[in-house]
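Novice: This is model_10.txt (compact mmCIF, C-alpha atoms).
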```txt
# COMPACT_ATOMS: atom_id res chain seq x y z
CA MET A 1 7.28 -0.40 22.82
CA GLU A 2 9.83 -1.41 20.18
CA ASP A 3 8.86 -3.55 17.19
CA LYS A 4 11.06 -6.49 18.22
CA LYS A 5 9.34 -6.68 21.59
CA ILE A 6 5.90 -6.51 19.95
CA VAL A 7 6.85 -9.35 17.60
CA GLU A 8 8.08 -11.35 20.60
CA LEU A 9 4.69 -10.84 22.25
CA TYR A 10 3.02 -12.32 19.17
CA TRP A 11 5.38 -15.29 19.30
CA GLU A 12 4.56 -15.75 22.99
CA ARG A 13 0.86 -15.60 22.00
CA SER A 14 0.30 -12.74 24.43
CA GLU A 15 -2.82 -10.68 23.75
CA THR A 16 -0.78 -7.66 24.82
CA ALA A 17 0.76 -7.82 21.34
CA ILE A 18 -2.47 -6.56 19.80
CA VAL A 19 -2.81 -3.78 22.37
CA GLU A 20 0.77 -2.64 21.72
CA THR A 21 0.29 -2.92 17.96
CA GLN A 22 -2.79 -0.74 18.20
CA LYS A 23 -0.96 1.86 20.30
CA ARG A 24 2.02 2.04 17.94
CA TYR A 25 0.44 1.45 14.51
CA GLY A 26 -3.31 1.99 14.85
CA ARG A 27 -3.30 5.48 13.28
CA TYR A 28 -0.88 4.38 10.54
CA CYS A 29 -3.08 1.42 9.55
CA HIS A 30 -6.23 3.53 9.75
CA TYR A 31 -4.64 6.13 7.44
CA ILE A 32 -3.91 3.46 4.83
CA ALA A 33 -7.37 1.88 5.02
CA TYR A 34 -9.21 5.20 5.05
CA ASN A 35 -7.38 6.45 1.93
CA ILE A 36 -8.70 3.41 0.08
CA LEU A 37 -12.21 3.16 1.52
CA TYR A 38 -13.12 6.74 2.52
CA SER A 39 -15.16 5.46 5.42
CA HIS A 40 -13.97 5.61 9.02
CA GLU A 41 -16.15 2.65 9.98
CA ASP A 42 -14.89 0.46 7.12
CA ALA A 43 -11.32 1.55 7.79
CA GLU A 44 -11.67 0.63 11.46
CA GLU A 45 -12.98 -2.83 10.51
CA CYS A 46 -10.00 -3.30 8.17
CA VAL A 47 -7.60 -2.29 10.93
CA ASN A 48 -9.21 -4.80 13.28
CA ASP A 49 -8.92 -7.44 10.54
CA THR A 50 -5.25 -6.48 10.24
CA TYR A 51 -4.69 -7.28 13.91
CA ILE A 52 -6.35 -10.68 13.49
CA LYS A 53 -4.33 -11.44 10.36
CA ALA A 54 -1.12 -10.37 12.10
CA TRP A 55 -2.02 -12.62 15.06
CA ASN A 56 -2.51 -15.55 12.67
CA ALA A 57 0.68 -14.85 10.70
CA LEU A 58 3.00 -14.35 13.69
CA PRO A 59 4.32 -17.03 14.09
CA PRO A 60 5.54 -18.45 11.73
CA HIS A 61 6.55 -15.11 10.18
CA ARG A 62 8.98 -12.82 11.98
CA PRO A 63 8.97 -9.55 10.03
CA GLU A 64 12.06 -7.35 10.13
CA ARG A 65 9.94 -4.23 9.67
CA LEU A 66 6.66 -4.50 11.51
CA ALA A 67 5.29 -1.25 10.04
CA ALA A 68 5.72 -2.53 6.48
CA PHE A 69 4.24 -5.91 7.43
CA LEU A 70 1.15 -4.33 8.99
CA GLY A 71 0.86 -1.74 6.21
CA LYS A 72 0.80 -4.46 3.57
CA ILE A 73 -1.85 -6.45 5.43
CA THR A 74 -3.97 -3.33 5.94
CA ARG A 75 -3.64 -2.22 2.33
CA ASN A 76 -4.52 -5.64 0.93
CA THR A 77 -7.46 -6.00 3.31
CA ALA A 78 -8.78 -2.56 2.39
CA LEU A 79 -8.34 -3.19 -1.34
CA ASP A 80 -10.18 -6.51 -1.04
CA ARG A 81 -12.99 -4.73 0.76
CA TYR A 82 -13.02 -1.92 -1.80
CA LEU A 83 -13.26 -4.38 -4.69
CA SER A 84 -15.98 -6.32 -2.89
CA ASP A 85 -17.94 -3.12 -2.21
CA ARG A 86 -17.44 -1.96 -5.80
CA THR A 87 -18.91 -5.23 -7.00
CA LYS A 88 -21.92 -4.38 -4.83
CA LYS A 89 -21.94 -0.87 -6.39
CA ARG A 90 -20.89 0.81 -3.17
CA GLY A 91 -17.37 2.06 -3.97
CA GLY A 92 -16.27 5.64 -3.45
CA GLY A 93 -13.41 7.98 -2.94
CA GLN A 94 -10.50 8.21 -5.30
CA THR A 95 -9.37 4.58 -5.19
CA GLU A 96 -10.81 3.95 -8.64
CA ALA A 97 -8.84 6.89 -10.06
CA VAL A 98 -5.59 5.69 -8.49
CA LEU A 99 -6.09 2.15 -9.79
CA ASN A 100 -6.90 3.48 -13.26
CA GLU A 101 -3.77 5.64 -13.28
CA LEU A 102 -1.60 2.64 -12.54
CA SER A 103 -3.40 0.26 -14.88
CA GLU A 104 -1.67 1.77 -17.90
CA CYS A 105 1.80 0.90 -16.64
CA VAL A 106 1.41 -2.22 -14.46
CA PRO A 107 0.53 -5.60 -15.94
CA ASP A 108 -2.81 -7.14 -15.03
CA GLU A 109 -2.26 -9.74 -12.31
CA LYS A 110 -4.52 -12.15 -14.18
CA SER A 111 -2.36 -11.99 -17.30
CA SER A 112 0.40 -14.11 -15.83
CA GLY A 113 -0.25 -15.71 -12.49
CA CYS A 114 3.30 -17.08 -12.66
CA MET A 115 5.36 -16.70 -9.48
CA ALA A 116 8.52 -15.96 -11.50
CA ASP A 117 6.72 -13.11 -13.30
CA GLU A 118 5.49 -11.72 -9.98
CA LEU A 119 9.02 -11.81 -8.56
CA ALA A 120 10.41 -10.14 -11.67
CA LEU A 121 7.78 -7.41 -11.40
CA ARG A 122 8.56 -6.90 -7.70
CA GLU A 123 12.28 -6.58 -8.46
CA ALA A 124 11.58 -4.19 -11.33
CA ILE A 125 9.38 -2.00 -9.11
CA ASN A 126 12.05 -1.91 -6.40
CA GLY A 127 14.71 -1.07 -8.98
CA PHE A 128 12.60 1.72 -10.42
CA LEU A 129 11.82 3.21 -7.03
CA GLY A 130 15.50 3.06 -6.13
CA SER A 131 16.35 5.02 -9.26
CA LEU A 132 14.06 7.94 -8.42
CA PRO A 133 15.12 11.09 -6.58
CA ALA A 134 13.75 11.10 -3.02
CA GLN A 135 10.93 13.61 -3.58
CA LYS A 136 9.60 11.86 -6.71
CA ARG A 137 9.78 8.48 -4.96
CA ILE A 138 7.87 9.87 -1.97
CA ILE A 139 5.19 11.45 -4.17
CA PHE A 140 4.85 8.22 -6.17
CA MET A 141 4.55 6.07 -3.04
CA ARG A 142 2.14 8.46 -1.33
CA ARG A 143 -0.16 8.31 -4.34
CA TYR A 144 0.08 4.66 -5.33
CA TRP A 145 0.84 2.85 -2.10
CA TYR A 146 -0.92 5.02 0.49
CA MET A 147 -3.46 6.31 -2.04
CA SER A 148 -3.19 9.88 -0.78
CA SER A 149 -5.05 12.52 -2.75
CA VAL A 150 -3.16 14.89 -5.02
CA LYS A 151 -4.34 17.77 -2.85
CA GLU A 152 -3.02 16.15 0.32
CA ILE A 153 0.38 15.42 -1.25
CA ALA A 154 0.63 18.99 -2.55
CA GLU A 155 -0.19 20.43 0.87
CA ASP A 156 2.22 18.14 2.71
CA TYR A 157 5.18 19.00 0.46
CA GLY A 158 4.47 22.64 -0.32
CA LEU A 159 3.72 21.99 -4.00
CA THR A 160 0.87 22.96 -6.27
CA GLU A 161 -1.63 20.29 -7.24
CA SER A 162 -0.62 20.86 -10.85
CA ASN A 163 3.00 20.18 -10.00
CA VAL A 164 2.08 16.94 -8.23
CA LYS A 165 -0.06 15.81 -11.18
CA VAL A 166 2.73 16.51 -13.68
CA THR A 167 5.27 14.74 -11.47
CA LEU A 168 3.00 11.71 -11.21
CA LEU A 169 2.33 11.63 -14.96
CA ARG A 170 6.01 11.87 -15.84
CA THR A 171 6.95 9.29 -13.21
CA ARG A 172 4.28 6.87 -14.48
CA ASN A 173 5.57 7.32 -18.02
CA ARG A 174 9.14 6.63 -16.84
CA PHE A 175 7.85 3.61 -14.91
CA LYS A 176 6.17 2.20 -18.01
CA VAL A 177 9.37 2.62 -20.07
CA TYR A 178 11.42 1.10 -17.23
CA LEU A 179 9.17 -1.97 -17.04
CA GLU A 180 9.33 -2.45 -20.80
CA LYS A 181 13.15 -2.27 -20.72
CA GLU A 182 13.10 -4.89 -17.95
CA GLY A 183 11.07 -7.17 -20.23
CA ILE A 184 7.83 -6.89 -18.26
CA GLU A 185 4.92 -7.16 -20.66
CA LEU A 186 2.12 -4.70 -20.04
```
Here is the file; what I need is its structure written in the form of structure tokens.
Specialist:
Amino acid sequence: MEDKKIVELYWERSETAIVETQKRYGRYCHYIAYNILYSHEDAEECVNDTYIKAWNALPPHRPERLAAFLGKITRNTALDRYLSDRTKKRGGGQTEAVLNELSECVPDEKSSGCMADELALREAINGFLGSLPAQKRIIFMRRYWYMSSVKEIAEDYGLTESNVKVTLLRTRNRFKVYLEKEGIEL
């Protein structure tokens, strides 16, 4: 079923919307959650939470890209769970490593809290990603949005792990310089 029809089902408050969402995006959402939590059970709970959150958000929202909408909900839900579990000393996987890698070039969200600063950061990130060649952008997004392992990225794109690591390091360094030029304080 097409995304527009699925969104219409949400607006009609038809429970079929969740069934169709699961059919079309269940594996995608699970992939995102699992790469953060490294637990199939926790990932499945996050995906189910995603469906509930989508149900509650549609309406009033009418996303143009349902995959991005669901991916964002899933990612945020999984990160919240990861941080909660980490507080309980349960964390695992590589999520900590990914967050640490990005911490050197992305400002701490607590440092500002200002909506204008958040919008400026969002625009800067989009500008930076738009300036990258396709392969570097894909590698960067796979690592820092989908939280894929270096090994998985290397295998999927026929690269060595070393090549992926160097690409990520250089891209992070460019990202940091780009943000500083845009006036984003780190």
Novice: Taking only C-alpha atoms into account, name the residue in A:Thr50, A:Ser39, A:Thr74, A:Asn163 that is nearest to Tyr146 in chain A.
Specialist: A:Thr74
Novice: From the options A:Ile125, A:Tyr157, A:Tyr178, A:Tyr28, which residue's atoms come nearest to Ala68 in chain A, counting only C-alpha atoms?
Specialist: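 Using only C-alpha atoms, Ala68 in chain A sits closest to A:Tyr28.
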Novice: In terms of the shortest atom-to-atom distance over all atoms listed in the file, which of A:Lys165, A:Arg65, A:His40, A:His30 is closest to Glu2 in chain A?
Specialist: A:Arg65
Novice: Looking at all atoms listed in the file, which of A:Leu119, A:Cys46, A:Ile153, A:Ala54 is the one that sits closest to Glu15 in chain A?
Specialist: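 Smallest distance to Glu15 in chain A is found for A:Ala54.
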Novice: Which residues come within 9 Å of Val47 in chain A, counting all atoms listed in the file, excluding same-chain residues fewer than 2 positions away, as a list of chain:residue names?
Specialist: A:Gln22, A:Gly26, A:Cys29, A:His30, A:Ala33, A:Asp42, A:Ala43, A:Glu44, A:Glu45, A:Asp49, A:Thr50, A:Tyr51, A:Ile52, A:Ile73, A:Thr74, A:Thr77, A:Ala78
Novice: Those residues you just picked out, can you put them in a file as an mmCIF file, keeping the file's coordinate frame with C-alpha atoms?
Specialist:
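As written to disk, selection.cif reads:
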```cif
data_model
loop_
_atom_site.group_PDB
_atom_site.id
_atom_site.type_symbol
_atom_site.label_atom_id
_atom_site.label_comp_id
_atom_site.auth_asym_id
_atom_site.auth_seq_id
_atom_site.Cartn_x
_atom_site.Cartn_y
_atom_site.Cartn_z
ATOM 1 C CA GLN A 22 -2.790 -0.740 18.200
ATOM 2 C CA GLY A 26 -3.310 1.990 14.850
ATOM 3 C CA CYS A 29 -3.080 1.420 9.550
ATOM 4 C CA HIS A 30 -6.230 3.530 9.750
ATOM 5 C CA ALA A 33 -7.370 1.880 5.020
ATOM 6 C CA ASP A 42 -14.890 0.460 7.120
ATOM 7 C CA ALA A 43 -11.320 1.550 7.790
ATOM 8 C CA GLU A 44 -11.670 0.630 11.460
ATOM 9 C CA GLU A 45 -12.980 -2.830 10.510
ATOM 10 C CA ASP A 49 -8.920 -7.440 10.540
ATOM 11 C CA THR A 50 -5.250 -6.480 10.240
ATOM 12 C CA TYR A 51 -4.690 -7.280 13.910
ATOM 13 C CA ILE A 52 -6.350 -10.680 13.490
ATOM 14 C CA ILE A 73 -1.850 -6.450 5.430
ATOM 15 C CA THR A 74 -3.970 -3.330 5.940
ATOM 16 C CA THR A 77 -7.460 -6.000 3.310
ATOM 17 C CA ALA A 78 -8.780 -2.560 2.390
#
```
Novice: Rounded to one decimal place, report the CA of Arg174 in chain A-CA of Glu96 in chain A distance in Å.
Specialist: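 These two atoms are separated by 21.7 Å.
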Novice: For the atom pair CA of Glu118 in chain A and CA of Ile139 in chain A, what is the interatomic distance in Å to one decimal place?
Specialist: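 CA of Glu118 in chain A sits 23.9 Å away from CA of Ile139 in chain A.
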Novice: Quote the spacing between CA of Glu180 in chain A and CA of Ala134 in chain A in Å to one decimal place.
Specialist: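 The value is 22.8 Å.
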Novice: Which is closer to Lys176 in chain A than all the others in A:Glu152, A:Cys105, A:Asp3, A:Glu123, using all atoms listed in the file?
Specialist: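 Counting all atoms listed in the file, the residue closest to Lys176 in chain A is A:Cys105.
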Novice: Go through A:Asn100, A:Thr16, A:Asn35, A:Ser84 and flag the residue nearest Trp55 in chain A, using only C-alpha atoms for the distances.
Specialist: A:Thr16
Novice: Around the point (6.9, 12.4, 1.5), in the coordinates given by the file, pick out the residues reaching within 12 Å, counting all atoms listed in the file, and return them as a PyMOL selection string.
Specialist: chain A and resi 133-143+145-146+148+152-159+164
Novice: List every protein, DNA or RNA residue that has an atom no more than 10 Å from (6.5, -5.1, -16.3) in the file's coordinate frame, counting all atoms listed in the file, and report them as a PyMOL selection string.
Specialist: chain A and resi 105-108+117-118+120-125+175-186
